[in-house]
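Structure data (mmCIF, C-alpha atoms) from model_15.cif:
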```cif
data_final
#
loop_
_atom_site.label_atom_id
_atom_site.label_comp_id
_atom_site.auth_asym_id
_atom_site.auth_seq_id
_atom_site.Cartn_x
_atom_site.Cartn_y
_atom_site.Cartn_z
CA MET B 602 86.50 99.23 112.54
CA THR B 603 89.52 97.01 113.13
CA PRO B 604 91.75 98.52 115.83
CA VAL B 605 95.25 99.69 115.00
CA LEU B 606 98.07 98.38 117.17
CA VAL B 607 100.61 100.94 118.36
CA THR B 608 103.51 99.55 120.38
CA GLY B 609 105.37 102.01 122.57
CA ALA B 610 102.11 103.94 122.97
CA ALA B 611 103.27 105.59 126.21
CA GLY B 612 106.49 106.64 124.50
CA PHE B 613 107.09 109.91 122.71
CA ILE B 614 106.28 109.17 119.06
CA GLY B 615 103.90 106.32 119.88
CA PHE B 616 101.80 108.65 122.05
CA HIS B 617 101.50 111.29 119.34
CA LEU B 618 100.63 108.69 116.69
CA ALA B 619 98.01 107.01 118.89
CA GLU B 620 96.42 110.37 119.69
CA ARG B 621 96.31 111.34 116.01
CA LEU B 622 94.63 108.05 115.08
CA LEU B 623 92.11 108.34 117.92
CA ARG B 624 91.19 111.88 116.93
CA ALA B 625 90.54 110.59 113.42
CA GLY B 626 88.07 108.10 114.89
CA ARG B 627 90.25 105.01 114.56
CA PRO B 628 90.29 102.65 117.57
CA VAL B 629 93.76 102.01 118.95
CA VAL B 630 95.23 99.26 121.09
CA GLY B 631 98.34 100.64 122.78
CA LEU B 632 101.13 98.46 124.17
CA ASP B 633 103.95 99.63 126.41
CA ASN B 634 106.13 98.02 129.07
CA MET B 635 106.43 101.34 130.98
CA SER B 636 110.21 101.00 131.10
CA ALA B 637 112.03 103.17 133.65
CA TYR B 638 114.69 104.25 131.12
CA TYR B 639 113.46 107.77 131.83
CA ASP B 640 110.85 109.37 134.12
CA VAL B 641 107.84 107.04 134.17
CA GLU B 642 105.63 109.93 135.29
CA LEU B 643 106.00 111.43 131.83
CA LYS B 644 104.83 108.15 130.33
CA ARG B 645 101.91 108.03 132.74
CA GLY B 646 100.98 111.56 131.71
CA ARG B 647 100.90 110.57 128.05
CA LEU B 648 98.91 107.46 128.87
CA LYS B 649 96.38 109.48 130.87
CA ALA B 650 95.83 111.74 127.88
CA LEU B 651 95.24 108.74 125.61
CA GLN B 652 92.82 107.11 128.05
CA GLU B 653 90.54 110.13 127.74
CA HIS B 654 89.65 108.85 124.26
CA PRO B 655 86.87 106.20 124.25
CA GLY B 656 88.50 104.25 121.42
CA PHE B 657 91.75 103.57 123.31
CA THR B 658 92.64 100.26 124.94
CA PHE B 659 95.91 99.85 126.85
CA ALA B 660 97.89 96.72 127.65
CA GLU B 661 101.07 96.84 129.72
CA VAL B 662 103.06 94.30 127.72
CA ASP B 663 106.75 93.84 127.01
CA LEU B 664 107.44 92.70 123.44
CA ALA B 665 110.05 90.33 124.84
CA ASP B 666 107.19 88.45 126.55
CA ALA B 667 105.97 86.38 123.61
CA ASP B 668 103.04 84.80 125.47
CA ALA B 669 101.63 88.14 126.60
CA LEU B 670 102.08 89.62 123.12
CA ASN B 671 100.38 86.65 121.46
CA SER B 672 97.44 87.01 123.85
CA VAL B 673 96.89 90.57 122.65
CA PHE B 674 97.00 89.44 119.01
CA ALA B 675 94.56 86.62 119.78
CA GLU B 676 92.09 89.09 121.28
CA HIS B 677 92.23 91.54 118.37
CA ARG B 678 92.41 91.04 114.62
CA PHE B 679 94.95 93.68 113.71
CA GLU B 680 95.38 94.61 110.07
CA LEU B 681 97.76 97.54 110.65
CA VAL B 682 100.57 97.51 113.22
CA PHE B 683 102.92 100.38 114.10
CA ASN B 684 105.98 99.27 116.06
CA LEU B 685 107.41 102.22 117.96
CA ALA B 686 108.53 100.26 121.01
CA ALA B 687 112.28 100.04 121.47
CA GLN B 688 115.10 100.62 123.88
CA ALA B 689 116.35 103.99 122.70
CA GLY B 690 119.57 105.93 123.20
CA VAL B 691 123.03 105.67 121.67
CA ARG B 692 125.12 106.29 124.78
CA TYR B 693 123.03 104.05 127.05
CA SER B 694 123.60 101.15 124.66
CA MET B 695 127.26 101.14 125.71
CA GLN B 696 126.27 100.82 129.37
CA ASN B 697 123.48 98.25 129.12
CA PRO B 698 123.74 96.34 125.82
CA HIS B 699 121.55 93.45 126.95
CA ALA B 700 118.54 95.77 127.30
CA TYR B 701 118.84 96.50 123.58
CA VAL B 702 119.11 92.84 122.63
CA ARG B 703 116.03 91.98 124.71
CA SER B 704 113.83 94.82 123.49
CA ASN B 705 115.04 95.60 119.98
CA LEU B 706 115.94 92.09 118.82
CA ASP B 707 114.06 89.49 120.88
CA GLY B 708 111.01 91.73 121.11
CA PHE B 709 111.03 92.54 117.42
CA VAL B 710 111.20 88.87 116.40
CA ASN B 711 108.24 88.16 118.70
CA LEU B 712 106.31 90.93 116.98
CA LEU B 713 107.18 89.64 113.50
CA GLU B 714 105.95 86.19 114.50
CA ALA B 715 102.72 87.62 115.91
CA CYS B 716 102.14 89.60 112.71
CA ARG B 717 102.89 86.57 110.57
CA HIS B 718 100.45 84.30 112.39
CA GLY B 719 97.91 87.07 112.99
CA GLY B 720 97.32 87.86 109.34
CA VAL B 721 98.55 91.46 109.62
CA LYS B 722 98.31 93.32 106.32
CA HIS B 723 100.95 95.98 107.03
CA LEU B 724 103.67 96.36 109.65
CA VAL B 725 105.27 99.80 109.92
CA PHE B 726 108.31 99.85 112.19
CA ALA B 727 110.67 102.49 113.52
CA SER B 728 114.23 102.37 112.34
CA SER B 729 116.72 105.20 112.90
CA SER B 730 119.05 107.59 111.12
CA SER B 731 121.80 106.05 113.26
CA VAL B 732 121.95 103.10 110.84
CA TYR B 733 123.94 105.31 108.45
CA GLY B 734 126.84 105.07 110.91
CA ALA B 735 130.18 105.61 109.16
CA VAL B 736 128.55 106.78 105.91
CA THR B 737 129.72 110.33 105.13
CA LYS B 738 128.05 110.97 101.76
CA MET B 739 125.11 113.27 102.42
CA PRO B 740 122.22 113.71 102.22
CA PHE B 741 121.71 110.17 103.44
CA SER B 742 119.73 108.14 100.92
CA VAL B 743 117.73 104.99 101.56
CA HIS B 744 119.38 103.58 98.44
CA GLN B 745 122.82 103.61 100.10
CA ASN B 746 124.20 100.51 101.80
CA VAL B 747 124.41 100.93 105.57
CA ASP B 748 126.69 98.20 106.84
CA HIS B 749 128.89 100.13 109.28
CA PRO B 750 126.91 101.08 112.41
CA LEU B 751 128.84 103.00 115.09
CA SER B 752 126.80 101.95 118.13
CA LEU B 753 124.97 98.87 119.37
CA TYR B 754 121.72 100.82 119.20
CA ALA B 755 122.33 101.48 115.50
CA ALA B 756 123.21 97.82 114.94
CA THR B 757 119.91 96.70 116.48
CA LYS B 758 117.98 99.08 114.22
CA LYS B 759 119.78 97.81 111.14
CA SER B 760 119.02 94.29 112.36
CA ASN B 761 115.32 95.19 112.53
CA GLU B 762 115.42 96.11 108.85
CA LEU B 763 117.10 92.81 107.96
CA LEU B 764 114.73 90.73 110.08
CA ALA B 765 111.71 92.52 108.63
CA HIS B 766 112.94 91.86 105.09
CA SER B 767 113.37 88.17 105.77
CA TYR B 768 109.76 87.90 107.00
CA SER B 769 108.54 89.94 104.06
CA HIS B 770 110.36 87.58 101.70
CA LEU B 771 109.38 84.32 103.40
CA TYR B 772 105.78 85.10 104.34
CA ARG B 773 104.92 88.02 101.99
CA LEU B 774 104.28 90.19 105.04
CA PRO B 775 104.14 93.85 103.87
CA VAL B 776 106.62 95.79 105.99
CA THR B 777 107.78 99.40 105.91
CA GLY B 778 110.73 100.69 107.91
CA LEU B 779 111.06 104.39 108.73
CA ARG B 780 114.43 105.88 109.58
CA PHE B 781 113.65 108.73 111.98
CA PHE B 782 115.99 111.71 112.15
CA THR B 783 116.23 113.32 115.65
CA VAL B 784 112.55 113.70 116.46
CA TYR B 785 111.54 116.40 118.96
CA GLY B 786 108.42 118.19 120.17
CA PRO B 787 105.91 118.35 123.05
CA TRP B 788 105.98 115.32 125.38
CA GLY B 789 109.50 114.55 124.08
CA ARG B 790 112.08 112.32 125.72
CA PRO B 791 114.03 113.92 128.60
CA ASP B 792 117.34 112.48 127.34
CA MET B 793 117.14 114.37 124.03
CA ALA B 794 118.87 117.70 123.37
CA MET B 795 115.72 119.82 123.05
CA TYR B 796 114.45 118.70 126.45
CA LEU B 797 117.83 118.76 128.20
CA PHE B 798 118.74 122.20 126.88
CA THR B 799 115.35 123.76 127.60
CA SER B 800 115.29 122.44 131.16
CA ALA B 801 118.82 123.64 131.92
CA ILE B 802 118.43 127.06 130.27
CA LEU B 803 115.21 127.80 132.15
CA GLU B 804 116.84 126.75 135.44
CA GLY B 805 120.11 128.60 134.77
CA ARG B 806 122.20 125.42 134.69
CA PRO B 807 125.09 124.82 132.23
CA ILE B 808 124.43 122.63 129.19
CA ASP B 809 126.88 120.11 127.71
CA VAL B 810 127.45 120.99 124.06
CA PHE B 811 129.26 118.21 122.20
CA ASN B 812 131.61 118.77 119.25
CA ASN B 813 131.88 122.37 120.45
CA GLY B 814 128.41 123.12 119.11
CA GLN B 815 129.22 122.10 115.52
CA MET B 816 127.37 118.79 115.73
CA GLN B 817 124.63 118.82 113.08
CA ARG B 818 121.31 117.04 113.33
CA ASP B 819 118.34 116.87 111.00
CA PHE B 820 115.85 117.85 113.72
CA THR B 821 112.35 116.65 112.78
CA TYR B 822 109.19 117.94 114.46
CA VAL B 823 106.96 115.19 115.84
CA ASP B 824 103.77 116.31 114.05
CA ASP B 825 105.58 115.93 110.73
CA VAL B 826 106.69 112.45 111.74
CA VAL B 827 103.14 111.44 112.67
CA GLU B 828 101.76 112.75 109.38
CA SER B 829 104.36 110.63 107.58
CA LEU B 830 103.48 107.57 109.67
CA VAL B 831 99.75 107.85 109.00
CA ARG B 832 100.22 108.31 105.26
CA VAL B 833 102.71 105.44 104.97
CA GLY B 834 100.52 103.20 107.14
CA ASP B 835 97.64 103.57 104.71
CA LYS B 836 99.83 102.44 101.77
CA PRO B 837 101.07 98.89 102.44
CA ALA B 838 104.47 98.10 100.96
CA GLN B 839 104.46 96.30 97.63
CA ALA B 840 107.12 94.35 95.80
CA ASN B 841 109.30 96.26 93.37
CA THR B 842 108.81 94.36 90.13
CA ASP B 843 111.94 95.98 88.68
CA TRP B 844 114.16 94.90 91.58
CA SER B 845 117.24 92.95 90.51
CA GLY B 846 119.73 90.91 92.47
CA GLU B 847 122.37 91.96 89.95
CA ALA B 848 122.08 95.56 91.15
CA PRO B 849 120.10 95.35 94.40
CA ASP B 850 118.28 98.47 95.58
CA ALA B 851 118.65 98.81 99.37
CA ALA B 852 115.32 100.62 99.81
CA THR B 853 113.04 98.10 98.06
CA SER B 854 112.84 94.40 97.25
CA ASN B 855 111.09 91.80 95.17
CA ALA B 856 109.25 91.22 98.46
CA PRO B 857 106.67 93.75 99.82
CA TYR B 858 109.32 95.77 101.67
CA ARG B 859 110.13 99.49 101.75
CA ILE B 860 112.49 101.79 103.65
CA PHE B 861 111.99 105.56 103.97
CA ASN B 862 113.82 108.43 105.63
CA ILE B 863 111.70 110.69 107.85
CA GLY B 864 113.69 113.90 108.29
CA ASN B 865 113.43 117.64 107.86
CA SER B 866 116.16 117.72 105.16
CA GLU B 867 117.91 120.60 106.89
CA PRO B 868 120.95 119.88 109.09
CA VAL B 869 120.93 122.20 112.10
CA THR B 870 123.97 122.85 114.29
CA LEU B 871 123.64 122.56 118.04
CA THR B 872 124.57 126.24 118.14
CA ARG B 873 121.50 127.15 116.07
CA LEU B 874 119.30 124.87 118.19
CA ILE B 875 120.50 126.60 121.35
CA GLU B 876 119.86 130.02 119.82
CA ALA B 877 116.29 128.96 118.96
CA ILE B 878 115.68 127.81 122.54
CA GLU B 879 117.21 131.02 123.90
CA ARG B 880 114.76 133.08 121.83
CA ALA B 881 111.83 130.91 122.90
CA THR B 882 112.72 131.08 126.60
CA GLY B 883 114.08 134.61 126.71
CA LYS B 884 117.13 133.29 128.56
CA THR B 885 120.82 132.85 127.68
CA ALA B 886 122.47 129.43 127.79
CA ILE B 887 125.57 128.68 129.85
CA LYS B 888 127.58 126.40 127.55
CA ASN B 889 130.01 123.66 128.53
CA LEU B 890 131.77 122.91 125.23
CA LEU B 891 132.89 119.29 124.89
CA PRO B 892 134.41 117.03 122.19
CA MET B 893 132.53 114.32 120.30
CA GLN B 894 131.32 111.34 122.31
CA PRO B 895 131.88 107.66 121.38
CA GLY B 896 129.12 106.31 119.15
CA ASP B 897 128.05 109.74 117.93
CA VAL B 898 128.23 110.90 114.32
CA PRO B 899 129.10 114.51 113.40
CA ALA B 900 126.09 115.13 111.15
CA THR B 901 122.82 113.71 109.85
CA TYR B 902 120.95 114.90 106.77
CA ALA B 903 117.97 113.10 105.24
CA ASP B 904 117.11 112.72 101.58
CA VAL B 905 113.31 112.36 101.72
CA SER B 906 112.61 112.38 97.99
CA ASP B 907 111.32 108.80 98.08
CA LEU B 908 108.88 109.66 100.88
CA MET B 909 107.62 112.70 98.97
CA LEU B 910 107.00 110.64 95.85
CA TYR B 911 105.26 107.88 97.82
CA VAL B 912 102.90 109.87 100.07
CA ASP B 913 103.13 113.45 98.72
CA PHE B 914 104.45 114.77 102.03
CA ALA B 915 107.77 115.58 103.68
CA PRO B 916 108.59 117.22 107.04
CA ARG B 917 109.19 120.98 106.84
CA THR B 918 108.77 122.53 110.33
CA SER B 919 111.65 124.93 111.06
CA ILE B 920 113.72 124.50 114.21
CA GLU B 921 112.66 127.99 115.33
CA ASP B 922 108.93 127.18 115.12
CA GLY B 923 109.41 123.73 116.62
CA ALA B 924 111.52 125.03 119.52
CA GLN B 925 108.88 127.65 120.36
CA ARG B 926 106.14 124.99 120.43
CA PHE B 927 108.26 122.75 122.62
CA VAL B 928 109.11 125.51 125.09
CA ASP B 929 105.43 126.53 125.27
CA TRP B 930 104.49 122.92 126.09
CA TYR B 931 107.32 122.60 128.62
CA ARG B 932 106.27 125.73 130.49
CA GLY B 933 102.68 124.55 130.57
CA TYR B 934 103.45 120.98 131.62
CA TYR B 935 105.70 122.05 134.49
CA GLY B 936 103.63 125.09 135.41
CA LEU B 937 106.41 127.59 134.76
#
```
Would it be possible to restate this file's structure as C-alpha cells?
Amino acid sequence: MTPVLVTGAAGFIGFHLAERLLRAGRPVVGLDNMSAYYDVELKRGRLKALQEHPGFTFAEVDLADADALNSVFAEHRFELVFNLAAQAGVRYSMQNPHAYVRSNLDGFVNLLEACRHGGVKHLVFASSSSVYGAVTKMPFSVHQNVDHPLSLYAATKKSNELLAHSYSHLYRLPVTGLRFFTVYGPWGRPDMAMYLFTSAILEGRPIDVFNNGQMQRDFTYVDDVVESLVRVGDKPAQANTDWSGEAPDAATSNAPYRIFNIGNSEPVTLTRLIEAIERATGKTAIKNLLPMQPGDVPATYADVSDLMLYVDFAPRTSIEDGAQRFVDWYRGYYGL
C-alpha cells in the first residue's frame, strides 16, 4: 500500500490524523521540523506514540528545506498528502512575522512543487477560520469572499488557498483546503485556551479572559476534525463544471479545487468554555477579565453544509463532552 504523507506529524492535528491512519492499517510517513514554538517534549511524546506503530516512518524535515523535502518525495511515491505543518498562532505572528513567511509560504510552495513533480493525486491542506478576518456575516460560508485578514497568520493561510488554486489550475493537481475552527482535544497545543485554562485552573492560577469572556469560538473536537480529514482525503477534489468566471464561486473552481469549513457549527463563549472546564476539574477559575487583543476576532461560526453534502459527516461533539475528555487526558498525561 502506498504510504500517506502527513506533514506536521508531531503536531496536534497531524499526530491524531497519523494515528488514525495507522490504526486503519495505512502506512504513514510523518514529517516534522520539531519547532520549539511550544514545549518540544509534548511533540516527542506524540512522536513516541506514533513510533509504536510498525507502519510509521518519521523524517525530521523542515518544509522550507526544499532539498530535504524532495529527497523524501523521491524515496516514496505518495498519492495522498496531508499538509498540517505550519507556524501557528495569531499573536505570535505579530512578534515573529518571518517565521510565518518561511514556514507557511516558502514551505508551502516547496510542498506544492514536490506534489506537482511527484505525481500526487490529492493534496489536502490546513487552512484556518482566521481567513474570514473582518467578515461579520455569520455563519461563515466557504462561498463568501475572504479578502480582509486581520493578522499575518490569517494572511498566510489565505495565501495558501490562492497558491494551491494556482497549482490546481496550472497542473491539474487536485487540492482541498480545510478551514479549521478552534480545534481542541487530548495532546492539544499548550498555547490554546483549553490547555491554558485547564492548566491554570488545576494549579489555582488566574486565567486571562479576553473580551470579558464574551469572545465566541466554534470549538471543534479533534476526533471530529480527523474524521473529516480522512473522509475528504479519500475523495479527491474535482473541477466544478458549472463554475463561471461571471459569478465566481469562492469554494470551487473549474480546476480540481475545493474549500471546506471544519467546525462544530455552535459558537461557544469563553464563559461557557470555562464553566465546562470547571465542571470537569471540580475547581473554580480565577478570572482576569481583559479587552480584545489585536488580531483577534470577536466570534467564529462555521457553516459546514458543504462538508456534510460532500462526505456525509460534520463535527458535533459538545464543548462539555470535549472538555471532560481533555481534562481526563491532561490529568493522566501529567500524573495528576
Excluding segment 928-933 of chain B and its own-chain neighbours fewer than 4 positions away, which residues fall within 9 Å of it when counting only C-alpha atoms? Please give them as a PDB file with C-alpha atoms, in the coordinates of the input.
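So result30.pdb came out as:
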```pdb
ATOM      1  CA  GLY B 786     108.420 118.190 120.170  1.00  0.00           C
ATOM      2  CA  PRO B 787     105.910 118.350 123.050  1.00  0.00           C
ATOM      3  CA  TRP B 788     105.980 115.320 125.380  1.00  0.00           C
ATOM      4  CA  MET B 795     115.720 119.820 123.050  1.00  0.00           C
ATOM      5  CA  TYR B 796     114.450 118.700 126.450  1.00  0.00           C
ATOM      6  CA  THR B 799     115.350 123.760 127.600  1.00  0.00           C
ATOM      7  CA  SER B 800     115.290 122.440 131.160  1.00  0.00           C
ATOM      8  CA  ILE B 878     115.680 127.810 122.540  1.00  0.00           C
ATOM      9  CA  ALA B 881     111.830 130.910 122.900  1.00  0.00           C
ATOM     10  CA  THR B 882     112.720 131.080 126.600  1.00  0.00           C
ATOM     11  CA  GLY B 923     109.410 123.730 116.620  1.00  0.00           C
ATOM     12  CA  ALA B 924     111.520 125.030 119.520  1.00  0.00           C
ATOM     13  CA  LEU B 937     106.410 127.590 134.760  1.00  0.00           C
TER      14      LEU B 937
END
```
Might you spell out which residues the PyMOL selection byres ((chain B and resi 819) around 8) would select in the displayed file, as a PDB file with C-alpha atoms, in the frame of the given file?
```pdb
ATOM      1  CA  PHE B 782     115.990 111.710 112.150  1.00  0.00           C
ATOM      2  CA  THR B 783     116.230 113.320 115.650  1.00  0.00           C
ATOM      3  CA  GLN B 817     124.630 118.820 113.080  1.00  0.00           C
ATOM      4  CA  ARG B 818     121.310 117.040 113.330  1.00  0.00           C
ATOM      5  CA  PHE B 820     115.850 117.850 113.720  1.00  0.00           C
ATOM      6  CA  THR B 821     112.350 116.650 112.780  1.00  0.00           C
ATOM      7  CA  GLY B 864     113.690 113.900 108.290  1.00  0.00           C
ATOM      8  CA  ASN B 865     113.430 117.640 107.860  1.00  0.00           C
ATOM      9  CA  SER B 866     116.160 117.720 105.160  1.00  0.00           C
ATOM     10  CA  GLU B 867     117.910 120.600 106.890  1.00  0.00           C
ATOM     11  CA  PRO B 868     120.950 119.880 109.090  1.00  0.00           C
ATOM     12  CA  VAL B 869     120.930 122.200 112.100  1.00  0.00           C
ATOM     13  CA  ALA B 900     126.090 115.130 111.150  1.00  0.00           C
ATOM     14  CA  THR B 901     122.820 113.710 109.850  1.00  0.00           C
ATOM     15  CA  TYR B 902     120.950 114.900 106.770  1.00  0.00           C
ATOM     16  CA  ALA B 903     117.970 113.100 105.240  1.00  0.00           C
TER      17      ALA B 903
END
```
Original post:
Do you know which residues are at most 10 Å from segment 770-772 of chain B counting all atoms listed in the file, after dropping those on the same chain fewer than 5 positions away, and could you put them as an MDAnalysis selection string?
Top reply: chainID B and resid 717:718 764:765 840 854:858
Next, the residues of the selection above should be written as a compact mmCIF listing (two decimals), in the coordinates of the input with C-alpha atoms.
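Wrote out_13.txt, looks like this:
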```txt
# COMPACT_ATOMS: atom_id res chain seq x y z
CA ARG B 717 102.89 86.57 110.57
CA HIS B 718 100.45 84.30 112.39
CA LEU B 764 114.73 90.73 110.08
CA ALA B 765 111.71 92.52 108.63
CA ALA B 840 107.12 94.35 95.80
CA SER B 854 112.84 94.40 97.25
CA ASN B 855 111.09 91.80 95.17
CA ALA B 856 109.25 91.22 98.46
CA PRO B 857 106.67 93.75 99.82
CA TYR B 858 109.32 95.77 101.67
```
Expand the PyMOL selection byres ((chain B and resi 700) around 12) into the individual residues it matches in the shown file, reporting them as a compact mmCIF listing (two decimals) with C-alpha atoms, in the coordinates of the input.
```txt
# COMPACT_ATOMS: atom_id res chain seq x y z
CA SER B 636 110.21 101.00 131.10
CA ALA B 637 112.03 103.17 133.65
CA TYR B 638 114.69 104.25 131.12
CA ASP B 663 106.75 93.84 127.01
CA ALA B 665 110.05 90.33 124.84
CA ALA B 687 112.28 100.04 121.47
CA GLN B 688 115.10 100.62 123.88
CA ALA B 689 116.35 103.99 122.70
CA GLY B 690 119.57 105.93 123.20
CA TYR B 693 123.03 104.05 127.05
CA SER B 694 123.60 101.15 124.66
CA MET B 695 127.26 101.14 125.71
CA GLN B 696 126.27 100.82 129.37
CA ASN B 697 123.48 98.25 129.12
CA PRO B 698 123.74 96.34 125.82
CA HIS B 699 121.55 93.45 126.95
CA TYR B 701 118.84 96.50 123.58
CA VAL B 702 119.11 92.84 122.63
CA ARG B 703 116.03 91.98 124.71
CA SER B 704 113.83 94.82 123.49
CA ASN B 705 115.04 95.60 119.98
CA LEU B 706 115.94 92.09 118.82
CA ASP B 707 114.06 89.49 120.88
CA GLY B 708 111.01 91.73 121.11
CA LEU B 753 124.97 98.87 119.37
CA TYR B 754 121.72 100.82 119.20
CA THR B 757 119.91 96.70 116.48
```
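The spacing separating atom CA of Thr872 of chain B from atom CA of Tyr935 of chain B amounts to 25.3 Å.
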**OP:** Report as a ChimeraX atom specification the residues that result from applying the PyMOL selection byres ((chain B and resi 892) around 8) to the structure here.
**Re:** /B:811-813,890-891,893-894
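For Gly626 of chain B, the residues within 12 Å (counting all atoms listed in the file, excluding itself and residues fewer than 4 positions away along the chain) are Met602, Thr603, Pro604, Val605, Ala619, Glu620, Arg621, Leu622, His654, Pro655, Gly656 and Phe657 of chain B.
The two atoms in question, atom CA of Gln839 of chain B and atom CA of Lys722 of chain B, are spaced 11.1 Å apart.
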**OP:** Using all atoms listed in the file, find the one residue out of B:Asn711, B:Val810, B:Phe616, B:Phe781 that sits nearest to Ile887 of chain B.
**Re:** B:Val810
**OP:** Give the answer as one residue: which of B:Val743, B:Val898, B:Leu910, B:Met635 has the shortest atom-to-atom distance to Phe613 of chain B, using all atoms listed in the file?
**Re:**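 For Phe613 of chain B, the nearest of the candidates is B:Met635.
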Original post:
At a cut-off of 6 Å from (94.9, 97.3, 120.9) in the coordinates of the file, what residues are picked up using only C-alpha atoms, written as a ChimeraX atom specification?
Top reply: /B:606,629-631,658
Original post:
Between B:Arg873, B:Arg780, B:Arg917, B:Arg859, which has the minimum distance to Trp844 of chain B (counting only C-alpha atoms)?
Top reply: B:Arg859
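Atom CA of Met816 of chain B sits 17.5 Å away from atom CA of Ser729 of chain B.
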**OP:** Write out as a list in words which residues come within 10 Å of Ala675 of chain B when counting only C-alpha atoms, dropping same-chain ones fewer than 3 positions away.
**Re:**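 Counting only C-alpha atoms, the residues come to Ala669, Leu670, Asn671, Ser672, Arg678, Phe679, Ala715, His718 and Gly719 of chain B.
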**OP:** Anything within 6 Å of (121.8, 102.3, 98.4): list those residues as a ChimeraX atom specification, counting only C-alpha atoms and sticking to the file's coordinates.
**Re:** /B:743-746,850-851
Would you list the contacts of Leu632 of chain B as a PDB file with C-alpha atoms, in the frame of the given file, taking every protein, DNA or RNA residue within 6 Å and counting only C-alpha atoms, but skipping same-chain residues closer than 3 positions in sequence?
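result_27.pdb written:
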```pdb
ATOM      1  CA  THR B 608     103.510  99.550 120.380  1.00  0.00           C
ATOM      2  CA  GLY B 609     105.370 102.010 122.570  1.00  0.00           C
ATOM      3  CA  ALA B 610     102.110 103.940 122.970  1.00  0.00           C
ATOM      4  CA  ALA B 660      97.890  96.720 127.650  1.00  0.00           C
ATOM      5  CA  GLU B 661     101.070  96.840 129.720  1.00  0.00           C
ATOM      6  CA  VAL B 662     103.060  94.300 127.720  1.00  0.00           C
TER       7      VAL B 662
END
```
Subject >> Nearest to Gly834 of chain B by atom-to-atom distance, counting all atoms listed in the file, from B:Val725, B:Met739, B:Ala650, B:Val641 >> reply: B:Val725
**OP:** Tell me which of B:Lys649, B:His617, B:Arg773, B:His723 sits closest to Lys836 of chain B, counting only C-alpha atoms.
**Re:**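 Closest candidate: B:His723.
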